[in-house]
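What follows is the content of entry-v7.pdb, which has PDB, C-alpha atoms:
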```pdb
ATOM      1  CA  MET D  25     -14.157 -14.633  20.189  1.00  0.00           C
ATOM      2  CA  ALA D  26     -15.338 -11.028  20.146  1.00  0.00           C
ATOM      3  CA  ARG D  27     -14.132  -8.811  17.308  1.00  0.00           C
ATOM      4  CA  ARG D  28     -11.917  -5.995  18.459  1.00  0.00           C
ATOM      5  CA  ARG D  29     -12.478  -2.682  16.702  1.00  0.00           C
ATOM      6  CA  ILE D  30      -9.377  -0.740  15.799  1.00  0.00           C
ATOM      7  CA  PRO D  31      -9.803   3.021  16.076  1.00  0.00           C
ATOM      8  CA  ARG D  32      -9.318   4.787  12.728  1.00  0.00           C
ATOM      9  CA  ARG D  33      -6.561   6.950  14.202  1.00  0.00           C
ATOM     10  CA  THR D  34      -4.598   3.836  15.223  1.00  0.00           C
ATOM     11  CA  LEU D  35      -5.072   2.283  11.786  1.00  0.00           C
ATOM     12  CA  LEU D  36      -3.906   5.441  10.009  1.00  0.00           C
ATOM     13  CA  LYS D  37      -0.932   5.750  12.351  1.00  0.00           C
ATOM     14  CA  GLY D  38       0.272   2.309  11.314  1.00  0.00           C
ATOM     15  CA  ALA D  39      -0.420   3.095   7.675  1.00  0.00           C
ATOM     16  CA  ALA D  40       1.633   6.263   7.834  1.00  0.00           C
ATOM     17  CA  ALA D  41       4.571   4.353   9.232  1.00  0.00           C
ATOM     18  CA  SER D  42       4.230   1.703   6.520  1.00  0.00           C
ATOM     19  CA  THR D  43       3.955   4.313   3.789  1.00  0.00           C
ATOM     20  CA  ALA D  44       6.955   6.224   5.099  1.00  0.00           C
ATOM     21  CA  VAL D  45       9.043   3.069   5.367  1.00  0.00           C
ATOM     22  CA  ALA D  46       8.011   1.890   1.885  1.00  0.00           C
ATOM     23  CA  ALA D  47       8.817   5.270   0.361  1.00  0.00           C
ATOM     24  CA  THR D  48      12.091   5.580   2.248  1.00  0.00           C
ATOM     25  CA  MET D  49      13.241   2.069   1.349  1.00  0.00           C
ATOM     26  CA  GLY D  50      12.273   2.427  -2.298  1.00  0.00           C
ATOM     27  CA  ALA D  51       9.593  -0.256  -2.263  1.00  0.00           C
ATOM     28  CA  SER D  52       7.649  -0.903  -5.442  1.00  0.00           C
ATOM     29  CA  VAL D  53       4.771   1.246  -4.214  1.00  0.00           C
ATOM     30  CA  VAL D  54       6.910   4.368  -4.506  1.00  0.00           C
ATOM     31  CA  THR D  55      10.181   4.076  -6.341  1.00  0.00           C
ATOM     32  CA  PRO D  56      11.497   7.594  -6.795  1.00  0.00           C
ATOM     33  CA  SER D  57      14.720   8.242  -8.649  1.00  0.00           C
ATOM     34  CA  GLU D  58      17.179  10.760  -7.289  1.00  0.00           C
ATOM     35  CA  ALA D  59      15.812  13.298  -9.775  1.00  0.00           C
ATOM     36  CA  GLN D  60      12.314  12.879  -8.327  1.00  0.00           C
ATOM     37  CA  ILE D  61      13.381  13.481  -4.720  1.00  0.00           C
ATOM     38  CA  GLN D  62      13.426  17.194  -4.085  1.00  0.00           C
ATOM     39  CA  LYS D  63      13.783  19.476  -1.136  1.00  0.00           C
ATOM     40  CA  PRO D  64      10.685  21.686  -1.100  1.00  0.00           C
ATOM     41  CA  PRO D  65      11.223  25.424  -0.732  1.00  0.00           C
ATOM     42  CA  ALA D  66      11.039  26.846   2.759  1.00  0.00           C
ATOM     43  CA  THR D  67       7.587  28.127   3.598  1.00  0.00           C
ATOM     44  CA  THR D  68       6.960  31.745   4.411  1.00  0.00           C
ATOM     45  CA  GLY D  69       4.163  31.078   6.903  1.00  0.00           C
ATOM     46  CA  PRO D  70       4.297  29.257  10.216  1.00  0.00           C
ATOM     47  CA  VAL D  71       4.879  25.503  10.052  1.00  0.00           C
ATOM     48  CA  LEU D  72       2.123  23.692  11.910  1.00  0.00           C
ATOM     49  CA  ARG D  73       4.075  20.479  12.389  1.00  0.00           C
ATOM     50  CA  SER D  74       7.184  19.711  10.378  1.00  0.00           C
ATOM     51  CA  ALA D  75       6.951  16.712   8.103  1.00  0.00           C
ATOM     52  CA  ASP D  76       9.780  14.256   7.581  1.00  0.00           C
ATOM     53  CA  LEU D  77       8.317  13.181   4.251  1.00  0.00           C
ATOM     54  CA  ILE D  78       5.919  14.757   1.776  1.00  0.00           C
ATOM     55  CA  LEU D  79       4.434  12.695  -1.036  1.00  0.00           C
ATOM     56  CA  LYS D  80       3.049  14.988  -3.727  1.00  0.00           C
ATOM     57  CA  ASN D  81       1.574  14.922  -7.232  1.00  0.00           C
ATOM     58  CA  GLY D  82      -0.242  11.684  -6.494  1.00  0.00           C
ATOM     59  CA  ASN D  83      -3.627  10.213  -5.762  1.00  0.00           C
ATOM     60  CA  ILE D  84      -4.008   9.852  -2.008  1.00  0.00           C
ATOM     61  CA  ILE D  85      -7.061   7.716  -1.297  1.00  0.00           C
ATOM     62  CA  THR D  86      -8.419   9.066   1.993  1.00  0.00           C
ATOM     63  CA  VAL D  87     -11.265   6.596   2.543  1.00  0.00           C
ATOM     64  CA  ASP D  88     -13.203   9.306   4.332  1.00  0.00           C
ATOM     65  CA  ALA D  89     -17.003   9.487   4.130  1.00  0.00           C
ATOM     66  CA  SER D  90     -16.786  11.025   0.653  1.00  0.00           C
ATOM     67  CA  PHE D  91     -13.828   8.937  -0.553  1.00  0.00           C
ATOM     68  CA  THR D  92     -11.936  12.144  -1.238  1.00  0.00           C
ATOM     69  CA  ILE D  93      -8.854  11.866  -3.403  1.00  0.00           C
ATOM     70  CA  ALA D  94      -6.134  14.254  -2.260  1.00  0.00           C
ATOM     71  CA  HIS D  95      -2.948  15.094  -4.125  1.00  0.00           C
ATOM     72  CA  ALA D  96      -0.410  15.216  -1.316  1.00  0.00           C
ATOM     73  CA  ILE D  97       0.311  13.805   2.126  1.00  0.00           C
ATOM     74  CA  ALA D  98       2.728  14.907   4.851  1.00  0.00           C
ATOM     75  CA  ILE D  99       4.172  12.380   7.285  1.00  0.00           C
ATOM     76  CA  ALA D 100       6.098  13.065  10.496  1.00  0.00           C
ATOM     77  CA  GLY D 101       7.555  10.004  12.171  1.00  0.00           C
ATOM     78  CA  ASP D 102       4.718   7.488  12.333  1.00  0.00           C
ATOM     79  CA  ARG D 103       1.920  10.035  11.903  1.00  0.00           C
ATOM     80  CA  ILE D 104       0.082  11.564   9.000  1.00  0.00           C
ATOM     81  CA  VAL D 105       0.106  15.278   9.748  1.00  0.00           C
ATOM     82  CA  ALA D 106      -1.694  16.558   6.647  1.00  0.00           C
ATOM     83  CA  VAL D 107      -3.577  15.300   3.617  1.00  0.00           C
ATOM     84  CA  GLY D 108      -4.874  17.601   0.924  1.00  0.00           C
ATOM     85  CA  SER D 109      -3.722  19.857  -1.851  1.00  0.00           C
ATOM     86  CA  GLU D 110      -0.025  20.276  -2.542  1.00  0.00           C
ATOM     87  CA  ALA D 111      -0.231  23.876  -1.297  1.00  0.00           C
ATOM     88  CA  ALA D 112      -1.859  22.876   2.003  1.00  0.00           C
ATOM     89  CA  VAL D 113       0.621  20.075   2.615  1.00  0.00           C
ATOM     90  CA  ALA D 114       3.579  22.301   1.692  1.00  0.00           C
ATOM     91  CA  ALA D 115       2.868  24.299   4.868  1.00  0.00           C
ATOM     92  CA  HIS D 116       4.366  21.345   6.764  1.00  0.00           C
ATOM     93  CA  ALA D 117       7.676  21.456   4.892  1.00  0.00           C
ATOM     94  CA  ALA D 118      10.831  22.266   6.829  1.00  0.00           C
ATOM     95  CA  PRO D 119      14.487  22.410   5.738  1.00  0.00           C
ATOM     96  CA  GLY D 120      14.988  18.675   6.409  1.00  0.00           C
ATOM     97  CA  THR D 121      11.754  17.476   4.795  1.00  0.00           C
ATOM     98  CA  ARG D 122      12.092  15.077   1.851  1.00  0.00           C
ATOM     99  CA  ALA D 123       9.571  15.512  -0.945  1.00  0.00           C
ATOM    100  CA  VAL D 124       8.809  12.699  -3.374  1.00  0.00           C
ATOM    101  CA  ASP D 125       7.030  13.364  -6.658  1.00  0.00           C
ATOM    102  CA  LEU D 126       4.658  10.410  -7.075  1.00  0.00           C
ATOM    103  CA  LYS D 127       4.087  11.257 -10.753  1.00  0.00           C
ATOM    104  CA  GLY D 128       0.423  10.301 -10.474  1.00  0.00           C
ATOM    105  CA  LYS D 129       0.933   7.068  -8.519  1.00  0.00           C
ATOM    106  CA  THR D 130      -1.576   6.089  -5.847  1.00  0.00           C
ATOM    107  CA  VAL D 131      -1.088   5.851  -2.081  1.00  0.00           C
ATOM    108  CA  VAL D 132      -3.667   4.146   0.122  1.00  0.00           C
ATOM    109  CA  PRO D 133      -2.784   4.855   3.756  1.00  0.00           C
ATOM    110  CA  GLY D 134      -4.102   2.081   5.968  1.00  0.00           C
ATOM    111  CA  LEU D 135      -4.480  -0.543   3.265  1.00  0.00           C
ATOM    112  CA  ILE D 136      -3.623  -3.879   4.779  1.00  0.00           C
ATOM    113  CA  ASP D 137      -4.409  -6.569   2.248  1.00  0.00           C
ATOM    114  CA  GLY D 138      -4.546  -9.562   4.568  1.00  0.00           C
ATOM    115  CA  HIS D 139      -7.613 -11.325   3.274  1.00  0.00           C
ATOM    116  CA  ALA D 140      -8.587 -14.427   1.354  1.00  0.00           C
ATOM    117  CA  HIS D 141     -10.710 -14.484  -1.757  1.00  0.00           C
ATOM    118  CA  MET D 142     -13.463 -16.830  -0.688  1.00  0.00           C
ATOM    119  CA  ASP D 143     -14.128 -18.134  -4.193  1.00  0.00           C
ATOM    120  CA  ARG D 144     -10.488 -19.298  -4.476  1.00  0.00           C
ATOM    121  CA  GLU D 145     -10.441 -20.644  -0.930  1.00  0.00           C
ATOM    122  CA  GLY D 146     -13.545 -22.693  -1.662  1.00  0.00           C
ATOM    123  CA  LEU D 147     -11.962 -24.153  -4.791  1.00  0.00           C
ATOM    124  CA  LYS D 148      -8.740 -25.360  -3.160  1.00  0.00           C
ATOM    125  CA  GLY D 149     -10.094 -28.882  -3.023  1.00  0.00           C
ATOM    126  CA  VAL D 150     -11.219 -28.760  -6.655  1.00  0.00           C
ATOM    127  CA  TYR D 151      -8.263 -27.156  -8.439  1.00  0.00           C
ATOM    128  CA  PRO D 152      -4.611 -27.852  -7.689  1.00  0.00           C
ATOM    129  CA  SER D 153      -2.418 -25.181  -6.161  1.00  0.00           C
ATOM    130  CA  LEU D 154       0.103 -23.592  -8.486  1.00  0.00           C
ATOM    131  CA  ALA D 155       2.368 -22.546  -5.636  1.00  0.00           C
ATOM    132  CA  GLY D 156       5.985 -23.169  -6.539  1.00  0.00           C
ATOM    133  CA  VAL D 157       5.395 -24.118 -10.177  1.00  0.00           C
ATOM    134  CA  ARG D 158       7.971 -22.734 -12.608  1.00  0.00           C
ATOM    135  CA  SER D 159       7.082 -24.294 -15.957  1.00  0.00           C
ATOM    136  CA  ILE D 160       4.352 -25.945 -18.005  1.00  0.00           C
ATOM    137  CA  ARG D 161       5.808 -29.317 -17.003  1.00  0.00           C
ATOM    138  CA  ASP D 162       5.462 -28.327 -13.296  1.00  0.00           C
ATOM    139  CA  ILE D 163       1.809 -27.409 -13.890  1.00  0.00           C
ATOM    140  CA  GLN D 164       1.158 -30.730 -15.636  1.00  0.00           C
ATOM    141  CA  GLU D 165       2.825 -32.654 -12.802  1.00  0.00           C
ATOM    142  CA  SER D 166       0.830 -30.739 -10.181  1.00  0.00           C
ATOM    143  CA  ASP D 167      -2.383 -31.534 -12.049  1.00  0.00           C
ATOM    144  CA  ARG D 168      -1.386 -35.212 -12.363  1.00  0.00           C
ATOM    145  CA  ARG D 169      -0.724 -35.463  -8.600  1.00  0.00           C
ATOM    146  CA  SER D 170      -4.042 -33.754  -7.795  1.00  0.00           C
ATOM    147  CA  ARG D 171      -5.965 -36.083 -10.082  1.00  0.00           C
ATOM    148  CA  SER D 172      -4.369 -39.142  -8.500  1.00  0.00           C
ATOM    149  CA  LYS D 173      -5.496 -37.856  -5.079  1.00  0.00           C
ATOM    150  CA  GLY D 174      -8.993 -37.227  -6.423  1.00  0.00           C
ATOM    151  CA  GLN D 175      -8.800 -33.467  -5.879  1.00  0.00           C
ATOM    152  CA  ALA D 176      -9.241 -32.256  -9.448  1.00  0.00           C
ATOM    153  CA  ARG D 177     -12.269 -32.592 -11.701  1.00  0.00           C
TER     154      ARG D 177
END
```
Entire entry expressed as structure tokens:
Amino acid sequence: MARRRIPRRTLLKGAAASTAVAATMGASVVTPSEAQIQKPPATTGPVLRSADLILKNGNIITVDASFTIAHAIAIAGDRIVAVGSEAAVAAHAAPGTRAVDLKGKTVVPGLIDGHAHMDREGLKGVYPSLAGVRSIRDIQESDRRSRSKGQAR
């Protein structure tokens, strides 16, 4: 089966939607308190494209050719409309824009961690799985079952 390449723009579009949803729903990636959520001041210059959400005071991993680390990101709907300094991103603020102070947390737009660690995958037949274990006794029982099946050392 041929590998299908996903255009970077499409990947980032999905990442922006995921980031916005995670931030809006209070996921563990960004868990702002009410005190951290602020309405940014209205800009004096023209707004290029209004953002629904601005994440600021963070480490935005851009994964560009230089692996630039920005400090703010503006998101409108399912699109990233700006990444850069807080001042540059603030140009996208509008009266309804929510701003979240990340307090130094990291955002990686486009990170989809759907991979296996090959060393662990290769050892599945050697070491027992610890899925579902809740205690030392569970671990011992899992090891006992694996040994009786000849899976463990």
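CA of Leu135 (chain D) is found 15.2 Å from CA of Asp102 (chain D).
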- Message: Since I can't run it myself right now, could you work out what the PyMOL selection byres ((chain D and resi 76) around 6) selects here and report it as number ranges by chain?
- Response: D: 75, 77, 99-100, 121
Store the residues picked out above in a file with C-alpha atoms, as a PDB file, keeping the file's coordinate frame.
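Ended up saving to part-v6.pdb:
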```
ATOM      1  CA  ALA D  75       6.951  16.712   8.103  1.00  0.00           C
ATOM      2  CA  LEU D  77       8.317  13.181   4.251  1.00  0.00           C
ATOM      3  CA  ILE D  99       4.172  12.380   7.285  1.00  0.00           C
ATOM      4  CA  ALA D 100       6.098  13.065  10.496  1.00  0.00           C
ATOM      5  CA  THR D 121      11.754  17.476   4.795  1.00  0.00           C
TER       6      THR D 121
END
```
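For the pair CA of Asp125 (chain D) and CA of Lys80 (chain D), the interatomic distance is 5.2 Å.
Atom pair CA of Glu110 (chain D) / CA of Ala96 (chain D) has a distance of 5.2 Å (rounded to one decimal).
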- For this file, the PyMOL selection byres ((chain D and resi 148-152) around 12) selects which residues, as a list of chain:residue names? D:Ala140, D:His141, D:Met142, D:Asp143, D:Arg144, D:Glu145, D:Gly146, D:Leu147, D:Ser153, D:Leu154, D:Ala155, D:Gly156, D:Val157, D:Asp162, D:Ile163, D:Gln164, D:Glu165, D:Ser166, D:Asp167, D:Arg168, D:Arg169, D:Ser170, D:Arg171, D:Ser172, D:Lys173, D:Gly174, D:Gln175, D:Ala176, D:Arg177
